[in-house]
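First up is the structure itself, then whatever we jot down about it.
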Amino acid sequence: MAAAGSAAALAVAAVTAVAATSHAATTATLGSNWYAAAPYLMPLDNNPPDPGAVMDATGLKAFQLAFILAPNGGGCSPTWDGTSAVSSDTAVAGVISAIRAKGGDVSVSIGGYGGTKLGQTCGTPEATAAAYQQVISKYSLKAMDFDLEEPEYENATAIHNEIGAAKILQQNNPGIYISVTTAGTADGTGWFGKQMLNEAKSQGFTPNNFSIMPFDGGFGSASAQTSALTNFNSVLQSTFGWSSATAYAHEGFSGMNGRSDTGEYFYQADFQTVLDYATSHGMARFTFWSVNRDRQCSPPDNNGTTSGTCSSVSQSAYDFTKYSVKFAGATPPTTTPTATPTPTSSGTCTVAQWSSTAIYVNGNEVAHNGHKWKAKWWTQGEEPGTTGEWGVWLDEGAC
């Protein structure tokens with residue numbers, strides 16, 4: 001076991017040397033406040049929106065891309081969602097390049113609720129770190145998020161590997177921004193979350209922040225969330241011997257916009273309340289799950305169900321993302337609605353006329369102003385053929 005660990009440590013050092021050069025050369029220069037504000041985005045699943053469109057509409061500069069997992073068949077090599085090997089990836093690399101071309105950047109999140117985590121399969125902190133270093137080197141990352149929750153955080157060995165890997169990465173990638181995200185409870189975090197904090201203390205590891213997710217656990221309002229954040233602050237104080245102010249400077253919030261998995265509802269006003277709490281207490285992070293969900297369902301309440309692709313509450317597109325922008329210290333752009341022209345005849349088009357209230361997804365075709373159009377991703381209310389559409393509609397020619 002010791003020999004394997006030493007070999008993995010050498011591998012980490014080797015790829016770190018390569019990464020150090022490309023790191024500064026290829027990534028945008030963003031303050032850590034943007035990594036602290038980056039909302040989660042699944043780039044390969046849950047009908048991802050165009051990040052460039054989100055940036056244009058909100059002023060956002062950073063995304064938290066999710067999730068890095070072990071291969072579904074087992075092993076100690078990083079994949080996206082357990083299925084797409086990082087080593088051969090081009091799809092996510094293209095998304096990252098497009099974001100950086102617009103002056104933004106990304107953090108990559110490992111773990112999450114589902115799938116098998118690398119901390120469970122890699123055997124040692126050194127081997128786990130070597131697997132994550134491949135991700136850092138592949139994408140020239142300046143930030144990484146450790147999302148440690150069920151079922152992994154119930155496995156003491158896996159958490160030992162994850163925290164140990166985070167510490168190694170922090171040492172071998174100077175200046176990297178590392179967040180640790182875990183479940184939230186009314187008490188701040190539960191028994192397993194507290195054990196994770198104790199593991200970090202025992203290893204002498206301090207990330208940029210420890211964030212809790214106060215949803216899916218009996219939270220019905222912003223006041224319940226801020227109460228949990230207050231209690232979590234006390235947990236951080238007692239665990240690490242910090243003052244309240246120091247604890248807040250290492251504390252983060254990770255919410256869920258709209259309807260949660262357990263039927264809780266968090267509205268724009270709730271996000272504003274938590275944002276005010278976070279900024280007034282000098283908290284270190286404000287993020288949410290997810291940009292994929294930051295759009296209105298049809299019908300808006302999604303028939304009382306939770307969706308991975310819309311929020312199940314009434315909203316304009318990317319309302320919740322704008323709170324992350326505010327936390328980063330920027331002012332979201334304002335948009336002025338424009339009148340929708342009266343559609344003209346669709347000629348010989350055999351597809352349905354475009355509707356400003358309908359929701360369209362990739363591949364849907366409509367007729368509008370005598371042309372046939374195909375949607376390239378999820379859209380609602382974006383008129384084919386007008387400016388400001390971020391290229392969502394492909395013009396397939398006159399009918």
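Order determines the names: the first chain of the structure tokens is A, the second B, and so forth; residues in each chain are numbered 1 upward, and ligands are numbered 1 upward as they are shown.
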
Tell me, counting only C-alpha atoms, for each residue of stretch 117-222 of chain A within 8 Å of stretch 78-85 of chain A, which pair of atoms is nearest and how far apart they are in Å to one decimal, in rows ordered by chain and increasing number, as a Markdown table.
| residue | atom | partner | partner_atom | distance |
| --- | --- | --- | --- | --- |
| A:Leu118 | CA | A:Pro78 | CA | 7.3 |
| A:Ala131 | CA | A:Pro78 | CA | 5.9 |
| A:Tyr132 | CA | A:Pro78 | CA | 6.9 |
| A:Gln134 | CA | A:Pro78 | CA | 7.6 |
| A:Val135 | CA | A:Pro78 | CA | 7.1 |

Next on the checklist: Need to verify the contact set: A:Glu251, 12 Å, only C-alpha atoms, exclusion of same-chain residues closer than 6 positions in sequence. Can you return it as a ChimeraX atom specification?
Outcome noted: /A:36,179-182,188,206-213,228-237,242,244-245,277-279,281-287

Pick out each residue of stretch 204-294 of chain A that DSSP on the backbone tags as helix (DSSP H, G or I); I need them as an mmCIF file with all heavy atoms, in the first residue's frame.
data_model
loop_
_atom_site.group_PDB
_atom_site.id
_atom_site.type_symbol
_atom_site.label_atom_id
_atom_site.label_comp_id
_atom_site.auth_asym_id
_atom_site.auth_seq_id
_atom_site.Cartn_x
_atom_site.Cartn_y
_atom_site.Cartn_z
ATOM 1 N N ALA A 222 -36.521 30.637 3.533
ATOM 2 C CA ALA A 222 -35.195 31.222 3.678
ATOM 3 C C ALA A 222 -34.807 31.333 5.146
ATOM 4 O O ALA A 222 -33.623 31.203 5.487
ATOM 5 C CB ALA A 222 -35.162 32.595 3.020
ATOM 6 N N SER A 223 -35.773 31.586 6.033
ATOM 7 C CA SER A 223 -35.448 31.715 7.451
ATOM 8 C C SER A 223 -34.907 30.403 8.008
ATOM 9 O O SER A 223 -33.997 30.404 8.853
ATOM 10 C CB SER A 223 -36.667 32.172 8.250
ATOM 11 O OG SER A 223 -37.720 31.224 8.153
ATOM 12 N N ALA A 224 -35.446 29.261 7.542
ATOM 13 C CA ALA A 224 -34.916 27.962 7.971
ATOM 14 C C ALA A 224 -33.492 27.775 7.456
ATOM 15 O O ALA A 224 -32.639 27.183 8.143
ATOM 16 C CB ALA A 224 -35.818 26.838 7.475
ATOM 17 N N GLN A 225 -33.220 28.276 6.255
ATOM 18 C CA GLN A 225 -31.879 28.149 5.689
ATOM 19 C C GLN A 225 -30.875 29.018 6.430
ATOM 20 O O GLN A 225 -29.768 28.567 6.751
ATOM 21 C CB GLN A 225 -31.911 28.506 4.203
ATOM 22 C CG GLN A 225 -32.723 27.531 3.369
ATOM 23 C CD GLN A 225 -32.731 27.904 1.892
ATOM 24 O OE1 GLN A 225 -32.997 29.049 1.515
ATOM 25 N NE2 GLN A 225 -32.440 26.934 1.042
ATOM 26 N N THR A 226 -31.229 30.264 6.718
ATOM 27 C CA THR A 226 -30.295 31.136 7.433
ATOM 28 C C THR A 226 -30.074 30.645 8.862
ATOM 29 O O THR A 226 -28.977 30.792 9.409
ATOM 30 C CB THR A 226 -30.780 32.592 7.433
ATOM 31 O OG1 THR A 226 -32.095 32.667 8.005
ATOM 32 C CG2 THR A 226 -30.806 33.154 6.019
ATOM 33 N N SER A 227 -31.098 30.038 9.468
ATOM 34 C CA SER A 227 -30.917 29.455 10.797
ATOM 35 C C SER A 227 -29.898 28.325 10.745
ATOM 36 O O SER A 227 -29.026 28.200 11.620
ATOM 37 C CB SER A 227 -32.253 28.935 11.330
ATOM 38 O OG SER A 227 -32.083 28.276 12.572
ATOM 39 N N ALA A 228 -29.980 27.490 9.696
ATOM 40 C CA ALA A 228 -29.010 26.404 9.534
ATOM 41 C C ALA A 228 -27.606 26.949 9.317
ATOM 42 O O ALA A 228 -26.625 26.393 9.835
ATOM 43 C CB ALA A 228 -29.420 25.511 8.363
ATOM 44 N N LEU A 229 -27.491 28.044 8.572
ATOM 45 C CA LEU A 229 -26.185 28.652 8.342
ATOM 46 C C LEU A 229 -25.603 29.194 9.642
ATOM 47 O O LEU A 229 -24.390 29.099 9.887
ATOM 48 C CB LEU A 229 -26.291 29.758 7.295
ATOM 49 C CG LEU A 229 -26.601 29.292 5.862
ATOM 50 C CD1 LEU A 229 -26.949 30.470 4.972
ATOM 51 C CD2 LEU A 229 -25.426 28.507 5.275
ATOM 52 N N THR A 230 -26.450 29.763 10.473
ATOM 53 C CA THR A 230 -25.994 30.241 11.783
ATOM 54 C C THR A 230 -25.488 29.074 12.630
ATOM 55 O O THR A 230 -24.423 29.150 13.266
ATOM 56 C CB THR A 230 -27.127 30.959 12.520
ATOM 57 O OG1 THR A 230 -27.564 32.097 11.748
ATOM 58 C CG2 THR A 230 -26.671 31.446 13.891
ATOM 59 N N ASN A 231 -26.242 27.974 12.620
ATOM 60 C CA ASN A 231 -25.833 26.803 13.400
ATOM 61 C C ASN A 231 -24.563 26.168 12.840
ATOM 62 O O ASN A 231 -23.714 25.682 13.592
ATOM 63 C CB ASN A 231 -26.969 25.788 13.447
ATOM 64 C CG ASN A 231 -28.146 26.285 14.264
ATOM 65 O OD1 ASN A 231 -27.992 27.131 15.145
ATOM 66 N ND2 ASN A 231 -29.330 25.770 13.977
ATOM 67 N N PHE A 232 -24.442 26.170 11.527
ATOM 68 C CA PHE A 232 -23.229 25.615 10.924
ATOM 69 C C PHE A 232 -22.013 26.456 11.302
ATOM 70 O O PHE A 232 -20.908 25.925 11.487
ATOM 71 C CB PHE A 232 -23.384 25.528 9.408
ATOM 72 C CG PHE A 232 -22.257 24.821 8.705
ATOM 73 C CD1 PHE A 232 -21.895 23.531 9.061
ATOM 74 C CD2 PHE A 232 -21.544 25.445 7.684
ATOM 75 C CE1 PHE A 232 -20.857 22.862 8.412
ATOM 76 C CE2 PHE A 232 -20.511 24.789 7.031
ATOM 77 C CZ PHE A 232 -20.166 23.498 7.398
ATOM 78 N N ASN A 233 -22.210 27.757 11.413
ATOM 79 C CA ASN A 233 -21.123 28.620 11.849
ATOM 80 C C ASN A 233 -20.617 28.201 13.226
ATOM 81 O O ASN A 233 -19.409 28.144 13.475
ATOM 82 C CB ASN A 233 -21.597 30.078 11.873
ATOM 83 C CG ASN A 233 -20.497 31.047 12.261
ATOM 84 O OD1 ASN A 233 -20.370 31.405 13.432
ATOM 85 N ND2 ASN A 233 -19.713 31.472 11.294
ATOM 86 N N SER A 234 -21.551 27.843 14.110
ATOM 87 C CA SER A 234 -21.162 27.372 15.445
ATOM 88 C C SER A 234 -20.411 26.048 15.365
ATOM 89 O O SER A 234 -19.460 25.813 16.123
ATOM 90 C CB SER A 234 -22.398 27.224 16.331
ATOM 91 O OG SER A 234 -23.032 28.475 16.536
ATOM 92 N N VAL A 235 -20.823 25.173 14.446
ATOM 93 C CA VAL A 235 -20.128 23.898 14.259
ATOM 94 C C VAL A 235 -18.680 24.136 13.807
ATOM 95 O O VAL A 235 -17.735 23.498 14.303
ATOM 96 C CB VAL A 235 -20.871 23.016 13.232
ATOM 97 C CG1 VAL A 235 -20.065 21.761 12.906
ATOM 98 C CG2 VAL A 235 -22.246 22.638 13.754
ATOM 99 N N LEU A 236 -18.497 25.058 12.871
ATOM 100 C CA LEU A 236 -17.147 25.373 12.396
ATOM 101 C C LEU A 236 -16.298 25.956 13.527
ATOM 102 O O LEU A 236 -15.109 25.627 13.657
ATOM 103 C CB LEU A 236 -17.213 26.348 11.226
ATOM 104 C CG LEU A 236 -17.810 25.809 9.918
ATOM 105 C CD1 LEU A 236 -17.921 26.924 8.880
ATOM 106 C CD2 LEU A 236 -16.986 24.660 9.367
ATOM 107 N N GLN A 237 -16.907 26.816 14.332
ATOM 108 C CA GLN A 237 -16.174 27.383 15.462
ATOM 109 C C GLN A 237 -15.697 26.301 16.421
ATOM 110 O O GLN A 237 -14.528 26.270 16.819
ATOM 111 C CB GLN A 237 -17.066 28.368 16.226
ATOM 112 C CG GLN A 237 -17.390 29.656 15.496
ATOM 113 C CD GLN A 237 -18.225 30.589 16.355
ATOM 114 O OE1 GLN A 237 -17.835 30.968 17.457
ATOM 115 N NE2 GLN A 237 -19.403 30.966 15.857
ATOM 116 N N SER A 238 -16.606 25.415 16.790
ATOM 117 C CA SER A 238 -16.263 24.398 17.787
ATOM 118 C C SER A 238 -15.289 23.359 17.237
ATOM 119 O O SER A 238 -14.457 22.832 17.970
ATOM 120 C CB SER A 238 -17.530 23.711 18.295
ATOM 121 O OG SER A 238 -18.201 23.042 17.240
ATOM 122 N N THR A 239 -15.372 23.089 15.929
ATOM 123 C CA THR A 239 -14.482 22.086 15.332
ATOM 124 C C THR A 239 -13.064 22.608 15.178
ATOM 125 O O THR A 239 -12.094 21.918 15.521
ATOM 126 C CB THR A 239 -15.020 21.636 13.959
ATOM 127 O OG1 THR A 239 -16.340 21.114 14.113
ATOM 128 C CG2 THR A 239 -14.117 20.564 13.353
ATOM 129 N N PHE A 240 -12.938 23.821 14.661
ATOM 130 C CA PHE A 240 -11.612 24.327 14.309
ATOM 131 C C PHE A 240 -11.065 25.379 15.275
ATOM 132 O O PHE A 240 -9.938 25.848 15.097
ATOM 133 C CB PHE A 240 -11.647 24.905 12.890
ATOM 134 C CG PHE A 240 -11.967 23.889 11.827
ATOM 135 C CD1 PHE A 240 -13.244 23.801 11.291
ATOM 136 C CD2 PHE A 240 -11.003 22.994 11.392
ATOM 137 C CE1 PHE A 240 -13.553 22.858 10.320
ATOM 138 C CE2 PHE A 240 -11.297 22.048 10.425
ATOM 139 C CZ PHE A 240 -12.572 21.972 9.893
ATOM 140 N N SER A 244 -16.273 33.543 15.305
ATOM 141 C CA SER A 244 -17.440 33.565 14.433
ATOM 142 C C SER A 244 -17.099 34.166 13.074
ATOM 143 O O SER A 244 -17.493 33.640 12.030
ATOM 144 C CB SER A 244 -18.571 34.359 15.088
ATOM 145 O OG SER A 244 -19.683 34.460 14.226
ATOM 146 N N ALA A 245 -16.350 35.276 13.072
ATOM 147 C CA ALA A 245 -16.000 35.943 11.816
ATOM 148 C C ALA A 245 -15.122 35.058 10.942
ATOM 149 O O ALA A 245 -15.317 34.980 9.715
ATOM 150 C CB ALA A 245 -15.299 37.268 12.101
ATOM 151 N N THR A 246 -14.160 34.365 11.551
ATOM 152 C CA THR A 246 -13.294 33.474 10.781
ATOM 153 C C THR A 246 -14.096 32.306 10.217
ATOM 154 O O THR A 246 -13.888 31.888 9.068
ATOM 155 C CB THR A 246 -12.146 32.945 11.656
ATOM 156 O OG1 THR A 246 -11.376 34.049 12.135
ATOM 157 C CG2 THR A 246 -11.252 31.992 10.878
ATOM 158 N N ALA A 247 -15.036 31.800 11.021
ATOM 159 C CA ALA A 247 -15.878 30.702 10.541
ATOM 160 C C ALA A 247 -16.723 31.147 9.350
ATOM 161 O O ALA A 247 -16.848 30.416 8.358
ATOM 162 C CB ALA A 247 -16.762 30.191 11.673
ATOM 163 N N TYR A 248 -17.325 32.338 9.429
ATOM 164 C CA TYR A 248 -18.116 32.831 8.298
ATOM 165 C C TYR A 248 -17.243 33.019 7.058
ATOM 166 O O TYR A 248 -17.694 32.791 5.930
ATOM 167 C CB TYR A 248 -18.797 34.154 8.647
ATOM 168 C CG TYR A 248 -20.111 33.975 9.376
ATOM 169 C CD1 TYR A 248 -20.307 34.527 10.641
ATOM 170 C CD2 TYR A 248 -21.162 33.258 8.802
ATOM 171 C CE1 TYR A 248 -21.521 34.369 11.309
ATOM 172 C CE2 TYR A 248 -22.374 33.089 9.463
ATOM 173 C CZ TYR A 248 -22.540 33.643 10.715
ATOM 174 O OH TYR A 248 -23.735 33.472 11.373
ATOM 175 N N GLN A 268 -37.460 33.434 -5.709
ATOM 176 C CA GLN A 268 -36.475 34.494 -5.873
ATOM 177 C C GLN A 268 -36.292 35.285 -4.582
ATOM 178 O O GLN A 268 -35.169 35.646 -4.212
ATOM 179 C CB GLN A 268 -36.903 35.424 -7.018
ATOM 180 C CG GLN A 268 -36.862 34.777 -8.398
ATOM 181 C CD GLN A 268 -38.166 34.106 -8.807
ATOM 182 O OE1 GLN A 268 -38.892 33.579 -7.958
ATOM 183 N NE2 GLN A 268 -38.479 34.128 -10.096
ATOM 184 N N ALA A 269 -37.386 35.555 -3.870
ATOM 185 C CA ALA A 269 -37.291 36.306 -2.613
ATOM 186 C C ALA A 269 -36.484 35.550 -1.568
ATOM 187 O O ALA A 269 -35.764 36.158 -0.756
ATOM 188 C CB ALA A 269 -38.689 36.611 -2.076
ATOM 189 N N ASP A 270 -36.573 34.215 -1.574
ATOM 190 C CA ASP A 270 -35.780 33.413 -0.640
ATOM 191 C C ASP A 270 -34.292 33.538 -0.956
ATOM 192 O O ASP A 270 -33.458 33.653 -0.050
ATOM 193 C CB ASP A 270 -36.211 31.945 -0.706
ATOM 194 C CG ASP A 270 -37.639 31.730 -0.239
ATOM 195 O OD1 ASP A 270 -37.965 32.180 0.870
ATOM 196 O OD2 ASP A 270 -38.419 31.140 -0.994
ATOM 197 N N PHE A 271 -33.970 33.503 -2.227
ATOM 198 C CA PHE A 271 -32.565 33.660 -2.613
ATOM 199 C C PHE A 271 -32.040 35.032 -2.190
ATOM 200 O O PHE A 271 -30.900 35.154 -1.740
ATOM 201 C CB PHE A 271 -32.408 33.472 -4.130
ATOM 202 C CG PHE A 271 -32.054 32.059 -4.511
ATOM 203 C CD1 PHE A 271 -32.821 30.989 -4.074
ATOM 204 C CD2 PHE A 271 -30.954 31.789 -5.303
ATOM 205 C CE1 PHE A 271 -32.503 29.685 -4.423
ATOM 206 C CE2 PHE A 271 -30.611 30.487 -5.656
ATOM 207 C CZ PHE A 271 -31.394 29.431 -5.210
ATOM 208 N N GLN A 272 -32.879 36.069 -2.326
ATOM 209 C CA GLN A 272 -32.445 37.399 -1.921
ATOM 210 C C GLN A 272 -32.193 37.456 -0.418
ATOM 211 O O GLN A 272 -31.209 38.059 0.039
ATOM 212 C CB GLN A 272 -33.492 38.443 -2.312
ATOM 213 C CG GLN A 272 -33.089 39.876 -1.999
ATOM 214 C CD GLN A 272 -31.885 40.334 -2.799
ATOM 215 O OE1 GLN A 272 -31.908 40.328 -4.024
ATOM 216 N NE2 GLN A 272 -30.814 40.718 -2.115
ATOM 217 N N THR A 273 -33.063 36.822 0.359
ATOM 218 C CA THR A 273 -32.889 36.813 1.814
ATOM 219 C C THR A 273 -31.590 36.127 2.209
ATOM 220 O O THR A 273 -30.827 36.635 3.056
ATOM 221 C CB THR A 273 -34.083 36.107 2.490
ATOM 222 O OG1 THR A 273 -35.277 36.857 2.233
ATOM 223 C CG2 THR A 273 -33.872 35.990 3.988
ATOM 224 N N VAL A 274 -31.312 34.966 1.609
ATOM 225 C CA VAL A 274 -30.075 34.251 1.934
ATOM 226 C C VAL A 274 -28.863 35.019 1.432
ATOM 227 O O VAL A 274 -27.818 35.073 2.103
ATOM 228 C CB VAL A 274 -30.096 32.815 1.369
ATOM 229 C CG1 VAL A 274 -28.783 32.102 1.668
ATOM 230 C CG2 VAL A 274 -31.260 32.026 1.955
ATOM 231 N N LEU A 275 -28.987 35.642 0.268
ATOM 232 C CA LEU A 275 -27.883 36.455 -0.249
ATOM 233 C C LEU A 275 -27.562 37.592 0.712
ATOM 234 O O LEU A 275 -26.391 37.868 1.003
ATOM 235 C CB LEU A 275 -28.235 37.013 -1.628
ATOM 236 C CG LEU A 275 -27.222 37.993 -2.239
ATOM 237 C CD1 LEU A 275 -25.887 37.296 -2.484
ATOM 238 C CD2 LEU A 275 -27.757 38.589 -3.530
ATOM 239 N N ASP A 276 -28.590 38.264 1.226
ATOM 240 C CA ASP A 276 -28.372 39.354 2.184
ATOM 241 C C ASP A 276 -27.675 38.838 3.437
ATOM 242 O O ASP A 276 -26.782 39.506 3.987
ATOM 243 C CB ASP A 276 -29.707 40.009 2.552
ATOM 244 C CG ASP A 276 -30.324 40.790 1.400
ATOM 245 O OD1 ASP A 276 -29.587 41.120 0.451
ATOM 246 O OD2 ASP A 276 -31.539 41.048 1.443
ATOM 247 N N TYR A 277 -28.092 37.663 3.901
ATOM 248 C CA TYR A 277 -27.458 37.055 5.071
ATOM 249 C C TYR A 277 -25.984 36.763 4.784
ATOM 250 O O TYR A 277 -25.099 37.062 5.592
ATOM 251 C CB TYR A 277 -28.197 35.768 5.446
ATOM 252 C CG TYR A 277 -27.610 35.036 6.632
ATOM 253 C CD1 TYR A 277 -28.116 35.217 7.908
ATOM 254 C CD2 TYR A 277 -26.537 34.143 6.467
ATOM 255 C CE1 TYR A 277 -27.572 34.536 9.006
ATOM 256 C CE2 TYR A 277 -25.989 33.466 7.544
ATOM 257 C CZ TYR A 277 -26.511 33.665 8.808
ATOM 258 O OH TYR A 277 -25.957 32.991 9.880
ATOM 259 N N ALA A 278 -25.732 36.156 3.616
ATOM 260 C CA ALA A 278 -24.365 35.762 3.264
ATOM 261 C C ALA A 278 -23.439 36.969 3.166
ATOM 262 O O ALA A 278 -22.311 36.955 3.688
ATOM 263 C CB ALA A 278 -24.368 34.987 1.947
ATOM 264 N N THR A 279 -23.893 38.012 2.525
ATOM 265 C CA THR A 279 -23.032 39.185 2.344
ATOM 266 C C THR A 279 -22.858 39.959 3.651
ATOM 267 O O THR A 279 -21.765 40.450 3.944
ATOM 268 C CB THR A 279 -23.592 40.102 1.252
ATOM 269 O OG1 THR A 279 -24.960 40.440 1.556
ATOM 270 C CG2 THR A 279 -23.555 39.426 -0.111
ATOM 271 N N SER A 280 -23.907 40.043 4.451
ATOM 272 C CA SER A 280 -23.802 40.797 5.704
ATOM 273 C C SER A 280 -22.936 40.091 6.740
ATOM 274 O O SER A 280 -22.390 40.728 7.640
ATOM 275 C CB SER A 280 -25.193 41.065 6.287
ATOM 276 O OG SER A 280 -25.831 39.854 6.674
ATOM 277 N N VAL A 291 -28.008 25.730 -12.883
ATOM 278 C CA VAL A 291 -28.325 26.570 -14.044
ATOM 279 C C VAL A 291 -29.236 25.818 -15.014
ATOM 280 O O VAL A 291 -30.096 26.414 -15.667
ATOM 281 C CB VAL A 291 -27.030 27.012 -14.750
ATOM 282 C CG1 VAL A 291 -27.360 27.874 -15.972
ATOM 283 C CG2 VAL A 291 -26.136 27.780 -13.796
ATOM 284 N N ASN A 292 -29.073 24.495 -15.107
ATOM 285 C CA ASN A 292 -29.964 23.698 -15.967
ATOM 286 C C ASN A 292 -31.424 23.873 -15.575
ATOM 287 O O ASN A 292 -32.321 23.740 -16.411
ATOM 288 C CB ASN A 292 -29.619 22.213 -15.863
ATOM 289 C CG ASN A 292 -28.187 21.899 -16.217
ATOM 290 O OD1 ASN A 292 -27.279 22.291 -15.490
ATOM 291 N ND2 ASN A 292 -27.955 21.191 -17.303
ATOM 292 N N ARG A 293 -31.689 24.168 -14.307
ATOM 293 C CA ARG A 293 -33.052 24.296 -13.793
ATOM 294 C C ARG A 293 -33.522 25.747 -13.752
ATOM 295 O O ARG A 293 -34.649 26.025 -13.334
ATOM 296 C CB ARG A 293 -33.132 23.713 -12.375
ATOM 297 C CG ARG A 293 -32.672 22.270 -12.255
ATOM 298 C CD ARG A 293 -32.764 21.768 -10.820
ATOM 299 N NE ARG A 293 -34.172 21.629 -10.425
ATOM 300 C CZ ARG A 293 -34.802 22.417 -9.561
ATOM 301 N NH1 ARG A 293 -34.166 23.416 -8.983
ATOM 302 N NH2 ARG A 293 -36.068 22.207 -9.267
#

Item to check | Å distance separating atom CA of A:Ser221 from atom CA of A:Thr321, one decimal place | outcome: 18.7 Å

Contact residues around A:Thr309 with only C-alpha atoms at 8 Å, ignoring same-chain residues under 4 positions, as a CSV table (one decimal) with N, CA, C and O atoms, in the first residue's frame:
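Generated output (part-v9.csv):
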chain,number,residue,atom,x,y,z
A,46,ASN,N,-29.2,16.8,-18.5
A,46,ASN,CA,-30.3,17.7,-18.1
A,46,ASN,C,-30.4,18.9,-19.0
A,46,ASN,O,-30.6,20.1,-18.6
A,47,ASN,N,-30.4,18.7,-20.3
A,47,ASN,CA,-30.7,19.7,-21.3
A,47,ASN,C,-29.9,21.0,-21.1
A,47,ASN,O,-30.5,22.0,-20.8
A,48,PRO,N,-28.6,20.9,-21.1
A,48,PRO,CA,-27.8,22.1,-20.7
A,48,PRO,C,-28.1,23.3,-21.6
A,48,PRO,O,-28.1,23.2,-22.8
A,292,ASN,N,-29.1,24.5,-15.1
A,292,ASN,CA,-30.0,23.7,-16.0
A,292,ASN,C,-31.4,23.9,-15.6
A,292,ASN,O,-32.3,23.7,-16.4
A,293,ARG,N,-31.7,24.2,-14.3
A,293,ARG,CA,-33.1,24.3,-13.8
A,293,ARG,C,-33.5,25.7,-13.8
A,293,ARG,O,-34.6,26.0,-13.3
A,294,ASP,N,-32.7,26.7,-14.1
A,294,ASP,CA,-33.0,28.1,-14.0
A,294,ASP,C,-33.8,28.6,-15.1
A,294,ASP,O,-33.4,29.6,-15.9
A,295,ARG,N,-35.0,28.1,-15.3
A,295,ARG,CA,-35.9,28.5,-16.4
A,295,ARG,C,-37.3,27.9,-16.0
A,295,ARG,O,-37.4,26.9,-15.2

Next on the checklist: Excluding stretch 119-122 of chain A and its own-chain neighbours fewer than 3 positions away, which residues fall within 7 Å of it when counting only C-alpha atoms? Please give them as a PyMOL selection string.
Outcome noted: chain A and resi 74-76+116+127-128+158-159+161-162

Next on the checklist: Give me the residues near stretch 101-107 of chain A as a PyMOL selection string, where near means some atom within 8 Å (using only C-alpha atoms) and where sequence neighbours in that chain fewer than 4 positions away do not count.
Outcome noted: chain A and resi 27-28+30+35+38+52+60-65+96-97+141-145

Checklist entry - DSSP on the backbone: what in stretch 154-195 of chain A comes out strand (DSSP E or B), as number ranges by chain? => result A: 177-183, 185, 188

Mind dumping the selected residues with all heavy atoms as a CSV table (one decimal), in the first residue's frame?
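Wrote it out as part.csv, contents follow:
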chain,number,residue,atom,x,y,z
A,177,TYR,N,-8.4,27.2,-6.0
A,177,TYR,CA,-9.5,27.4,-5.1
A,177,TYR,C,-10.3,26.1,-4.9
A,177,TYR,O,-10.7,25.4,-5.9
A,177,TYR,CB,-10.5,28.4,-5.8
A,177,TYR,CG,-11.8,28.7,-5.1
A,177,TYR,CD1,-11.8,29.8,-4.2
A,177,TYR,CD2,-12.9,27.9,-5.2
A,177,TYR,CE1,-13.0,30.1,-3.5
A,177,TYR,CE2,-14.0,28.2,-4.5
A,177,TYR,CZ,-14.1,29.3,-3.7
A,177,TYR,OH,-15.2,29.6,-3.0
A,178,ILE,N,-10.4,25.7,-3.7
A,178,ILE,CA,-11.1,24.4,-3.3
A,178,ILE,C,-12.2,24.7,-2.4
A,178,ILE,O,-12.0,25.3,-1.3
A,178,ILE,CB,-10.1,23.4,-2.7
A,178,ILE,CG1,-9.0,23.0,-3.8
A,178,ILE,CG2,-10.8,22.2,-2.2
A,178,ILE,CD1,-8.0,22.0,-3.3
A,179,SER,N,-13.4,24.2,-2.8
A,179,SER,CA,-14.6,24.2,-1.9
A,179,SER,C,-14.9,22.8,-1.6
A,179,SER,O,-14.7,21.9,-2.3
A,179,SER,CB,-15.7,24.9,-2.6
A,179,SER,OG,-16.0,24.4,-3.8
A,180,VAL,N,-15.5,22.6,-0.4
A,180,VAL,CA,-16.1,21.3,0.1
A,180,VAL,C,-17.5,21.5,0.4
A,180,VAL,O,-17.9,22.4,1.2
A,180,VAL,CB,-15.3,20.8,1.3
A,180,VAL,CG1,-16.0,19.5,1.8
A,180,VAL,CG2,-13.8,20.6,1.0
A,181,THR,N,-18.4,20.8,-0.3
A,181,THR,CA,-19.8,20.9,-0.2
A,181,THR,C,-20.4,19.7,0.4
A,181,THR,O,-20.1,18.6,0.0
A,181,THR,CB,-20.5,21.2,-1.5
A,181,THR,OG1,-19.8,22.3,-2.2
A,181,THR,CG2,-21.9,21.5,-1.4
A,182,THR,N,-21.3,19.8,1.4
A,182,THR,CA,-21.9,18.7,2.1
A,182,THR,C,-23.3,19.0,2.5
A,182,THR,O,-23.8,20.1,2.3
A,182,THR,CB,-21.1,18.2,3.3
A,182,THR,OG1,-21.4,16.9,3.6
A,182,THR,CG2,-21.3,19.1,4.5
A,183,ALA,N,-24.0,17.9,3.0
A,183,ALA,CA,-25.5,18.1,3.3
A,183,ALA,C,-25.7,19.1,4.4
A,183,ALA,O,-24.9,19.2,5.3
A,183,ALA,CB,-26.0,16.7,3.7
A,185,THR,N,-28.4,20.4,7.5
A,185,THR,CA,-29.5,20.0,8.4
A,185,THR,C,-29.9,21.3,9.2
A,185,THR,O,-29.1,22.3,9.2
A,185,THR,CB,-29.1,18.9,9.4
A,185,THR,OG1,-28.1,19.4,10.3
A,185,THR,CG2,-28.6,17.7,8.6
A,188,GLY,N,-27.1,22.6,11.1
A,188,GLY,CA,-26.0,23.0,10.3
A,188,GLY,C,-25.6,21.9,9.4
A,188,GLY,O,-25.8,22.0,8.1

Item to check | Among listed residues A:Tyr318, A:Phe192, A:Ser137, A:Pro125, nearest A:Tyr153 (using only C-alpha atoms) | outcome: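 Result for the nearest residue to A:Tyr153: A:Phe192.
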
Checklist entry - Counting only C-alpha atoms, which of A:Gly115, A:Phe215, A:Gly184, A:Gly164 gets nearest to A:Ala200? => result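 Among A:Gly115, A:Phe215, A:Gly184, A:Gly164, it is A:Gly164 that comes nearest to A:Ala200.
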